[in-house]
Amino acid sequence: MKLLRSLATILALGTSTYAHAGNVLIVLSDSDRLDLKDGKVFATGFYLNELMQPVKALSDAGHEITFATPKGTAPAVDKTSIDKMYFGGDEAAMEDSEKQLAALGLMSSDRSPVISLARVEQIGYDHFDAVYVPGGHAPMQDLLVSSELGKLLTYFHENGKTTALACHGPIALLSTLADAKGFVTKFETAGTATTQTDWIYAGYKLTVFSNREEEMAKGLLGGGEMKFYPQDALTQAGSRFSQADAPFSAHIVTDRELITGQNPASAPAVAQELLSRLK
C-alpha cells in the first residue's frame, strides 16, 4: 500500500511539473540565400541567437518543440550571426548555442528532425499551442510567399493561437495575403503594391527589422542591395509599424495573438513573452 501511495505521489508530481507543457512549432526557411537586385545573391539562413535563445528558454521550461520548413529541407544558419555581439558580448553563451544547435542536428542532411509544413498539417494545427518564426534574411526568400505557411498562420489567427516572429521573421505574415506572390512581385519591381484590404493582419501593430537598421547593416550584403525592405512591405500591406527609439535596441510588440520582435536583440524578450502565454 505504501508503495502504491509512493507511486501515486511520483505520478502526481510529474503531472504537475508538465501539466502546462506546450507544443511549440518553429518554422524556418528552406533557403540558404536571398536574391538581391541585379542578380546578386547573399548567402544567409536563420540567425543563431534568434533561433537558439528561444529554443533554450522553451526547452528549459519543459515545452516540446517541433521544427519545420515549407518543404522539410534542412535549414542553414547565417554564418555572420555566429558572433558574440548577438549574445551581449558573451562568447561562452554563443559557443553554448552552437553546441546545442549541433546536438539538434537541424542542418544535417541525413539526421535533421525538420519536417515539412504538409506534415505539420497532417499532424494537425491543433496539436501546437504556439508558432515561432525566427529571422535572418532567409524568410524574405520563401516564407513570405509560402501558401503552406499562409494556411497555418491563418488557422492560428482565426483560433487566437500565439504567433511569434522576430527580426526579418515577421515578413512571413505576408504569406496570408490572398495573392501573396502577386503582392511581393509587384513590390519587388515597383516598390509599391495595391493594398489587399482583406489581409488578416490589417490594422495590427507590429515590428520588424527597420529601414534604418537595414541601411546601417547593408554592408553585410557585400555591395548588394535588397529588392525591398520588410518595414515598407508590411506597412503597405496594412499593418501599423512600431520601432525602438534607438536602432538595434530590444523592442517587442504584442497585439492580440501576435508577438513580434524588431531585431536580434529582441529575441530573448520574444521568448519570455512566448513563455508567458504558454503558462
# chains A, B, ... in the order shown; residues from 1 in each chain; ligands from 1
call {"tool": "residues_around", "arguments": {"residues": "region 41-44 of chain A", "least_positions_apart": "3", "cutoff": "10 Å", "atoms": "only C-alpha atoms", "output": "list in words"}}
result
Ser31, Asp32, Arg33, Leu34, Asp35, Leu36, Lys37, Asp38, Tyr47, Ala76, Val77, Asp78, Lys79, Thr80, Ser81, Gly136, His137, Ala138, Pro139, Gln141, Leu220, Leu221, Gly222, Gly223, Gly224, Glu225 and Met226 of chain A
call {"tool": "residues_around", "arguments": {"residues": "Lys205 (chain A)", "least_positions_apart": "6", "cutoff": "10 Å", "atoms": "only C-alpha atoms", "output": "list of chain:residue names"}}
result
A:Thr235, A:Gly238, A:Ser239, A:Arg240, A:Phe241, A:Ser242, A:Val253, A:Thr254, A:Asp255, A:Arg256, A:Leu258, A:Ile259, A:Thr260
call {"tool": "closest_residue", "arguments": {"among": "A:Asp96, A:Asp129, A:Asp83, A:Glu91", "to": "Ala21 (chain A)", "atoms": "only C-alpha atoms"}}
result
A:Asp129
call {"tool": "closest_residue", "arguments": {"among": "A:Thr195, A:Asn263, A:Ser109, A:Ser175", "to": "Thr207 (chain A)", "atoms": "only C-alpha atoms"}}
result
A:Asn263
call {"tool": "closest_residue", "arguments": {"among": "A:Asn211, A:Ser29, A:Asn23, A:Asn159", "to": "Leu144 (chain A)", "atoms": "only C-alpha atoms"}}
result
A:Ser29
call {"tool": "closest_residue", "arguments": {"among": "A:Gln243, A:Thr163, A:Gln236, A:Thr154", "to": "Ala271 (chain A)", "atoms": "only C-alpha atoms"}}
result
A:Thr163
call {"tool": "select_by_dssp", "arguments": {"residues": "region 50-267 of chain A", "states": "strand (DSSP E or B)", "output": "PDB file with all heavy atoms, in the first residue's frame"}}
result
ATOM      1  N   GLU A  64       7.666  21.160 -25.540  1.00  0.00           N
ATOM      2  CA  GLU A  64       8.111  20.349 -26.669  1.00  0.00           C
ATOM      3  C   GLU A  64       8.221  21.229 -27.909  1.00  0.00           C
ATOM      4  O   GLU A  64       7.384  22.113 -28.131  1.00  0.00           O
ATOM      5  CB  GLU A  64       7.131  19.202 -26.927  1.00  0.00           C
ATOM      6  CG  GLU A  64       7.082  18.184 -25.800  1.00  0.00           C
ATOM      7  CD  GLU A  64       6.185  17.008 -26.142  1.00  0.00           C
ATOM      8  OE1 GLU A  64       5.749  16.909 -27.318  1.00  0.00           O
ATOM      9  OE2 GLU A  64       5.914  16.194 -25.242  1.00  0.00           O
ATOM     10  N   ILE A  65       9.241  20.974 -28.723  1.00  0.00           N
ATOM     11  CA  ILE A  65       9.489  21.798 -29.905  1.00  0.00           C
ATOM     12  C   ILE A  65       9.522  20.919 -31.146  1.00  0.00           C
ATOM     13  O   ILE A  65      10.157  19.868 -31.159  1.00  0.00           O
ATOM     14  CB  ILE A  65      10.823  22.565 -29.779  1.00  0.00           C
ATOM     15  CG1 ILE A  65      10.805  23.480 -28.545  1.00  0.00           C
ATOM     16  CG2 ILE A  65      11.100  23.371 -31.046  1.00  0.00           C
ATOM     17  CD1 ILE A  65      12.156  24.132 -28.254  1.00  0.00           C
ATOM     18  N   THR A  66       8.820  21.373 -32.177  1.00  0.00           N
ATOM     19  CA  THR A  66       8.864  20.731 -33.484  1.00  0.00           C
ATOM     20  C   THR A  66       9.410  21.740 -34.479  1.00  0.00           C
ATOM     21  O   THR A  66       8.982  22.896 -34.485  1.00  0.00           O
ATOM     22  CB  THR A  66       7.463  20.281 -33.927  1.00  0.00           C
ATOM     23  OG1 THR A  66       6.943  19.343 -32.982  1.00  0.00           O
ATOM     24  CG2 THR A  66       7.506  19.631 -35.310  1.00  0.00           C
ATOM     25  N   PHE A  67      10.360  21.307 -35.292  1.00  0.00           N
ATOM     26  CA  PHE A  67      10.955  22.191 -36.291  1.00  0.00           C
ATOM     27  C   PHE A  67      10.403  21.852 -37.666  1.00  0.00           C
ATOM     28  O   PHE A  67      10.289  20.682 -38.032  1.00  0.00           O
ATOM     29  CB  PHE A  67      12.481  22.044 -36.305  1.00  0.00           C
ATOM     30  CG  PHE A  67      13.141  22.405 -34.999  1.00  0.00           C
ATOM     31  CD1 PHE A  67      13.419  21.431 -34.049  1.00  0.00           C
ATOM     32  CD2 PHE A  67      13.481  23.716 -34.728  1.00  0.00           C
ATOM     33  CE1 PHE A  67      14.024  21.766 -32.852  1.00  0.00           C
ATOM     34  CE2 PHE A  67      14.094  24.065 -33.530  1.00  0.00           C
ATOM     35  CZ  PHE A  67      14.361  23.082 -32.584  1.00  0.00           C
ATOM     36  N   ALA A  68      10.099  22.880 -38.445  1.00  0.00           N
ATOM     37  CA  ALA A  68       9.561  22.668 -39.786  1.00  0.00           C
ATOM     38  C   ALA A  68      10.054  23.727 -40.748  1.00  0.00           C
ATOM     39  O   ALA A  68      10.404  24.846 -40.355  1.00  0.00           O
ATOM     40  CB  ALA A  68       8.029  22.686 -39.749  1.00  0.00           C
ATOM     41  N   THR A  69      10.099  23.365 -42.005  1.00  0.00           N
ATOM     42  CA  THR A  69      10.321  24.297 -43.112  1.00  0.00           C
ATOM     43  C   THR A  69       9.251  23.979 -44.144  1.00  0.00           C
ATOM     44  O   THR A  69       8.640  22.906 -44.098  1.00  0.00           O
ATOM     45  CB  THR A  69      11.722  24.131 -43.747  1.00  0.00           C
ATOM     46  OG1 THR A  69      11.831  22.808 -44.293  1.00  0.00           O
ATOM     47  CG2 THR A  69      12.832  24.356 -42.729  1.00  0.00           C
ATOM     48  N   VAL A  77      22.261  28.118 -41.293  1.00  0.00           N
ATOM     49  CA  VAL A  77      22.498  29.233 -40.390  1.00  0.00           C
ATOM     50  C   VAL A  77      23.233  30.330 -41.162  1.00  0.00           C
ATOM     51  O   VAL A  77      24.063  30.041 -42.029  1.00  0.00           O
ATOM     52  CB  VAL A  77      23.321  28.794 -39.155  1.00  0.00           C
ATOM     53  CG1 VAL A  77      24.728  28.355 -39.544  1.00  0.00           C
ATOM     54  CG2 VAL A  77      23.378  29.894 -38.110  1.00  0.00           C
ATOM     55  N   ILE A 115      10.591  18.755 -40.292  1.00  0.00           N
ATOM     56  CA  ILE A 115       9.524  18.179 -41.105  1.00  0.00           C
ATOM     57  C   ILE A 115       8.946  19.256 -42.014  1.00  0.00           C
ATOM     58  O   ILE A 115       9.231  20.446 -41.846  1.00  0.00           O
ATOM     59  CB  ILE A 115       8.405  17.570 -40.229  1.00  0.00           C
ATOM     60  CG1 ILE A 115       7.734  18.649 -39.355  1.00  0.00           C
ATOM     61  CG2 ILE A 115       8.960  16.443 -39.365  1.00  0.00           C
ATOM     62  CD1 ILE A 115       6.540  18.137 -38.551  1.00  0.00           C
ATOM     63  N   SER A 116       8.155  18.855 -42.976  1.00  0.00           N
ATOM     64  CA  SER A 116       7.539  19.803 -43.898  1.00  0.00           C
ATOM     65  C   SER A 116       6.263  20.376 -43.300  1.00  0.00           C
ATOM     66  O   SER A 116       5.661  19.794 -42.385  1.00  0.00           O
ATOM     67  CB  SER A 116       7.213  19.119 -45.223  1.00  0.00           C
ATOM     68  OG  SER A 116       6.162  18.177 -45.033  1.00  0.00           O
ATOM     69  N   ALA A 130       1.621  27.129 -30.044  1.00  0.00           N
ATOM     70  CA  ALA A 130       2.231  28.384 -30.496  1.00  0.00           C
ATOM     71  C   ALA A 130       3.122  28.092 -31.692  1.00  0.00           C
ATOM     72  O   ALA A 130       3.582  26.964 -31.882  1.00  0.00           O
ATOM     73  CB  ALA A 130       3.039  29.021 -29.369  1.00  0.00           C
ATOM     74  N   VAL A 131       3.373  29.133 -32.471  1.00  0.00           N
ATOM     75  CA  VAL A 131       4.311  29.038 -33.586  1.00  0.00           C
ATOM     76  C   VAL A 131       5.310  30.185 -33.462  1.00  0.00           C
ATOM     77  O   VAL A 131       4.954  31.281 -33.028  1.00  0.00           O
ATOM     78  CB  VAL A 131       3.583  29.077 -34.950  1.00  0.00           C
ATOM     79  CG1 VAL A 131       2.823  30.376 -35.145  1.00  0.00           C
ATOM     80  CG2 VAL A 131       4.570  28.868 -36.105  1.00  0.00           C
ATOM     81  N   TYR A 132       6.549  29.908 -33.817  1.00  0.00           N
ATOM     82  CA  TYR A 132       7.588  30.932 -33.764  1.00  0.00           C
ATOM     83  C   TYR A 132       8.397  30.910 -35.054  1.00  0.00           C
ATOM     84  O   TYR A 132       8.814  29.844 -35.518  1.00  0.00           O
ATOM     85  CB  TYR A 132       8.517  30.710 -32.564  1.00  0.00           C
ATOM     86  CG  TYR A 132       9.736  31.604 -32.559  1.00  0.00           C
ATOM     87  CD1 TYR A 132       9.597  32.996 -32.551  1.00  0.00           C
ATOM     88  CD2 TYR A 132      11.027  31.074 -32.570  1.00  0.00           C
ATOM     89  CE1 TYR A 132      10.721  33.832 -32.558  1.00  0.00           C
ATOM     90  CE2 TYR A 132      12.150  31.896 -32.564  1.00  0.00           C
ATOM     91  CZ  TYR A 132      11.984  33.275 -32.565  1.00  0.00           C
ATOM     92  OH  TYR A 132      13.083  34.096 -32.577  1.00  0.00           O
ATOM     93  N   VAL A 133       8.628  32.096 -35.626  1.00  0.00           N
ATOM     94  CA  VAL A 133       9.425  32.239 -36.841  1.00  0.00           C
ATOM     95  C   VAL A 133      10.599  33.167 -36.536  1.00  0.00           C
ATOM     96  O   VAL A 133      10.423  34.369 -36.364  1.00  0.00           O
ATOM     97  CB  VAL A 133       8.601  32.827 -37.997  1.00  0.00           C
ATOM     98  CG1 VAL A 133       9.456  32.927 -39.265  1.00  0.00           C
ATOM     99  CG2 VAL A 133       7.358  31.990 -38.263  1.00  0.00           C
ATOM    100  N   THR A 162      -1.174  31.664 -30.253  1.00  0.00           N
ATOM    101  CA  THR A 162       0.020  32.504 -30.157  1.00  0.00           C
ATOM    102  C   THR A 162       0.926  32.362 -31.376  1.00  0.00           C
ATOM    103  O   THR A 162       1.326  31.267 -31.754  1.00  0.00           O
ATOM    104  CB  THR A 162       0.807  32.165 -28.887  1.00  0.00           C
ATOM    105  OG1 THR A 162      -0.030  32.428 -27.750  1.00  0.00           O
ATOM    106  CG2 THR A 162       2.063  33.017 -28.787  1.00  0.00           C
ATOM    107  N   THR A 163       1.260  33.514 -31.960  1.00  0.00           N
ATOM    108  CA  THR A 163       2.078  33.587 -33.170  1.00  0.00           C
ATOM    109  C   THR A 163       3.207  34.576 -32.922  1.00  0.00           C
ATOM    110  O   THR A 163       2.968  35.774 -32.764  1.00  0.00           O
ATOM    111  CB  THR A 163       1.218  34.050 -34.366  1.00  0.00           C
ATOM    112  OG1 THR A 163       0.115  33.151 -34.525  1.00  0.00           O
ATOM    113  CG2 THR A 163       2.035  34.093 -35.645  1.00  0.00           C
ATOM    114  N   ALA A 164       4.446  34.077 -32.861  1.00  0.00           N
ATOM    115  CA  ALA A 164       5.597  34.926 -32.547  1.00  0.00           C
ATOM    116  C   ALA A 164       6.583  34.923 -33.718  1.00  0.00           C
ATOM    117  O   ALA A 164       6.814  33.891 -34.347  1.00  0.00           O
ATOM    118  CB  ALA A 164       6.287  34.440 -31.276  1.00  0.00           C
ATOM    119  N   LEU A 165       7.147  36.103 -33.998  1.00  0.00           N
ATOM    120  CA  LEU A 165       8.105  36.243 -35.101  1.00  0.00           C
ATOM    121  C   LEU A 165       9.139  37.295 -34.711  1.00  0.00           C
ATOM    122  O   LEU A 165       8.810  38.284 -34.043  1.00  0.00           O
ATOM    123  CB  LEU A 165       7.399  36.667 -36.391  1.00  0.00           C
ATOM    124  CG  LEU A 165       6.111  35.917 -36.766  1.00  0.00           C
ATOM    125  CD1 LEU A 165       4.887  36.658 -36.258  1.00  0.00           C
ATOM    126  CD2 LEU A 165       5.990  35.732 -38.265  1.00  0.00           C
ATOM    127  N   ALA A 166      10.380  37.106 -35.159  1.00  0.00           N
ATOM    128  CA  ALA A 166      11.440  38.042 -34.782  1.00  0.00           C
ATOM    129  C   ALA A 166      12.275  38.487 -35.972  1.00  0.00           C
ATOM    130  O   ALA A 166      12.487  37.731 -36.918  1.00  0.00           O
ATOM    131  CB  ALA A 166      12.358  37.399 -33.739  1.00  0.00           C
ATOM    132  N   LYS A 205      -0.734  46.165 -34.890  1.00  0.00           N
ATOM    133  CA  LYS A 205       0.507  46.853 -34.576  1.00  0.00           C
ATOM    134  C   LYS A 205       1.604  45.807 -34.474  1.00  0.00           C
ATOM    135  O   LYS A 205       1.432  44.765 -33.800  1.00  0.00           O
ATOM    136  CB  LYS A 205       0.381  47.616 -33.255  1.00  0.00           C
ATOM    137  CG  LYS A 205       1.593  48.487 -32.927  1.00  0.00           C
ATOM    138  CD  LYS A 205       1.356  49.263 -31.631  1.00  0.00           C
ATOM    139  CE  LYS A 205       2.558  50.143 -31.294  1.00  0.00           C
ATOM    140  NZ  LYS A 205       2.370  50.887 -30.029  1.00  0.00           N
ATOM    141  N   LEU A 206       2.722  46.032 -35.139  1.00  0.00           N
ATOM    142  CA  LEU A 206       3.812  45.061 -35.126  1.00  0.00           C
ATOM    143  C   LEU A 206       5.154  45.746 -35.364  1.00  0.00           C
ATOM    144  O   LEU A 206       5.213  46.939 -35.655  1.00  0.00           O
ATOM    145  CB  LEU A 206       3.574  43.972 -36.172  1.00  0.00           C
ATOM    146  CG  LEU A 206       3.342  44.380 -37.637  1.00  0.00           C
ATOM    147  CD1 LEU A 206       4.627  44.784 -38.345  1.00  0.00           C
ATOM    148  CD2 LEU A 206       2.678  43.253 -38.413  1.00  0.00           C
ATOM    149  N   ARG A 240       0.455  48.384 -38.729  1.00  0.00           N
ATOM    150  CA  ARG A 240       0.918  49.622 -38.099  1.00  0.00           C
ATOM    151  C   ARG A 240       2.294  49.352 -37.494  1.00  0.00           C
ATOM    152  O   ARG A 240       2.411  48.601 -36.543  1.00  0.00           O
ATOM    153  CB  ARG A 240      -0.073  50.080 -37.034  1.00  0.00           C
ATOM    154  CG  ARG A 240      -1.447  50.425 -37.598  1.00  0.00           C
ATOM    155  CD  ARG A 240      -2.403  50.945 -36.524  1.00  0.00           C
ATOM    156  NE  ARG A 240      -2.693  49.948 -35.507  1.00  0.00           N
ATOM    157  CZ  ARG A 240      -2.477  50.103 -34.217  1.00  0.00           C
ATOM    158  NH1 ARG A 240      -1.945  51.226 -33.751  1.00  0.00           N
ATOM    159  NH2 ARG A 240      -2.778  49.134 -33.362  1.00  0.00           N
ATOM    160  N   PHE A 241       3.309  49.977 -38.060  1.00  0.00           N
ATOM    161  CA  PHE A 241       4.688  49.691 -37.678  1.00  0.00           C
ATOM    162  C   PHE A 241       5.116  50.450 -36.432  1.00  0.00           C
ATOM    163  O   PHE A 241       4.779  51.616 -36.234  1.00  0.00           O
ATOM    164  CB  PHE A 241       5.624  50.040 -38.839  1.00  0.00           C
ATOM    165  CG  PHE A 241       7.076  49.854 -38.519  1.00  0.00           C
ATOM    166  CD1 PHE A 241       7.609  48.576 -38.399  1.00  0.00           C
ATOM    167  CD2 PHE A 241       7.912  50.940 -38.329  1.00  0.00           C
ATOM    168  CE1 PHE A 241       8.955  48.386 -38.095  1.00  0.00           C
ATOM    169  CE2 PHE A 241       9.255  50.763 -38.030  1.00  0.00           C
ATOM    170  CZ  PHE A 241       9.776  49.488 -37.917  1.00  0.00           C
ATOM    171  N   ILE A 252       9.814  44.734 -28.523  1.00  0.00           N
ATOM    172  CA  ILE A 252       8.784  43.798 -28.945  1.00  0.00           C
ATOM    173  C   ILE A 252       7.428  44.478 -28.916  1.00  0.00           C
ATOM    174  O   ILE A 252       7.216  45.454 -28.188  1.00  0.00           O
ATOM    175  CB  ILE A 252       8.758  42.512 -28.095  1.00  0.00           C
ATOM    176  CG1 ILE A 252       8.201  42.777 -26.689  1.00  0.00           C
ATOM    177  CG2 ILE A 252      10.115  41.854 -28.043  1.00  0.00           C
ATOM    178  CD1 ILE A 252       7.840  41.499 -25.950  1.00  0.00           C
ATOM    179  N   VAL A 253       6.524  43.974 -29.730  1.00  0.00           N
ATOM    180  CA  VAL A 253       5.165  44.491 -29.816  1.00  0.00           C
ATOM    181  C   VAL A 253       4.205  43.322 -29.714  1.00  0.00           C
ATOM    182  O   VAL A 253       4.415  42.282 -30.354  1.00  0.00           O
ATOM    183  CB  VAL A 253       4.925  45.241 -31.150  1.00  0.00           C
ATOM    184  CG1 VAL A 253       3.474  45.680 -31.273  1.00  0.00           C
ATOM    185  CG2 VAL A 253       5.856  46.442 -31.268  1.00  0.00           C
ATOM    186  N   THR A 254       3.175  43.475 -28.908  1.00  0.00           N
ATOM    187  CA  THR A 254       2.137  42.451 -28.820  1.00  0.00           C
ATOM    188  C   THR A 254       0.806  43.059 -29.256  1.00  0.00           C
ATOM    189  O   THR A 254       0.489  44.186 -28.893  1.00  0.00           O
ATOM    190  CB  THR A 254       2.004  41.896 -27.388  1.00  0.00           C
ATOM    191  OG1 THR A 254       1.661  42.963 -26.491  1.00  0.00           O
ATOM    192  CG2 THR A 254       3.311  41.272 -26.930  1.00  0.00           C
ATOM    193  N   ASP A 255       0.064  42.329 -30.044  1.00  0.00           N
ATOM    194  CA  ASP A 255      -1.265  42.755 -30.482  1.00  0.00           C
ATOM    195  C   ASP A 255      -2.089  41.492 -30.728  1.00  0.00           C
ATOM    196  O   ASP A 255      -1.809  40.728 -31.650  1.00  0.00           O
ATOM    197  CB  ASP A 255      -1.170  43.582 -31.764  1.00  0.00           C
ATOM    198  CG  ASP A 255      -2.492  44.269 -32.116  1.00  0.00           C
ATOM    199  OD1 ASP A 255      -3.547  43.849 -31.583  1.00  0.00           O
ATOM    200  OD2 ASP A 255      -2.480  45.218 -32.927  1.00  0.00           O
ATOM    201  N   LEU A 258      -0.567  38.075 -31.729  1.00  0.00           N
ATOM    202  CA  LEU A 258       0.721  38.310 -32.378  1.00  0.00           C
ATOM    203  C   LEU A 258       1.781  38.879 -31.427  1.00  0.00           C
ATOM    204  O   LEU A 258       1.518  39.802 -30.663  1.00  0.00           O
ATOM    205  CB  LEU A 258       0.505  39.282 -33.534  1.00  0.00           C
ATOM    206  CG  LEU A 258       1.493  39.251 -34.700  1.00  0.00           C
ATOM    207  CD1 LEU A 258       1.488  37.885 -35.365  1.00  0.00           C
ATOM    208  CD2 LEU A 258       1.116  40.321 -35.715  1.00  0.00           C
ATOM    209  N   ILE A 259       2.991  38.301 -31.509  1.00  0.00           N
ATOM    210  CA  ILE A 259       4.168  38.798 -30.801  1.00  0.00           C
ATOM    211  C   ILE A 259       5.244  39.022 -31.852  1.00  0.00           C
ATOM    212  O   ILE A 259       5.594  38.089 -32.579  1.00  0.00           O
ATOM    213  CB  ILE A 259       4.708  37.781 -29.774  1.00  0.00           C
ATOM    214  CG1 ILE A 259       3.629  37.350 -28.780  1.00  0.00           C
ATOM    215  CG2 ILE A 259       5.923  38.351 -29.036  1.00  0.00           C
ATOM    216  CD1 ILE A 259       4.038  36.120 -27.963  1.00  0.00           C
ATOM    217  N   THR A 260       5.760  40.235 -31.959  1.00  0.00           N
ATOM    218  CA  THR A 260       6.823  40.498 -32.927  1.00  0.00           C
ATOM    219  C   THR A 260       8.003  41.183 -32.248  1.00  0.00           C
ATOM    220  O   THR A 260       7.823  42.014 -31.365  1.00  0.00           O
ATOM    221  CB  THR A 260       6.333  41.368 -34.106  1.00  0.00           C
ATOM    222  OG1 THR A 260       5.660  42.539 -33.595  1.00  0.00           O
ATOM    223  CG2 THR A 260       5.372  40.583 -34.996  1.00  0.00           C
ATOM    224  N   GLY A 261       9.217  40.809 -32.683  1.00  0.00           N
ATOM    225  CA  GLY A 261      10.436  41.408 -32.167  1.00  0.00           C
ATOM    226  C   GLY A 261      11.184  42.081 -33.305  1.00  0.00           C
ATOM    227  O   GLY A 261      11.204  41.577 -34.427  1.00  0.00           O
TER     228      GLY A 261
END
call {"tool": "closest_residue", "arguments": {"among": "A:Glu50, A:His168, A:Lys227, A:Thr176", "to": "Ala190 (chain A)", "atoms": "only C-alpha atoms"}}
result
A:Lys227
call {"tool": "closest_residue", "arguments": {"among": "A:Pro70, A:Ser108, A:Leu48, A:Lys151", "to": "Glu95 (chain A)", "atoms": "only C-alpha atoms"}}
result
A:Leu48
call {"tool": "select_by_dssp", "arguments": {"residues": "region 158-257 of chain A", "states": "helix (DSSP H, G or I)", "output": "NGL selection string"}}
result
:A and (158 or 169-176 or 180-190 or 211-221 or 230-237)
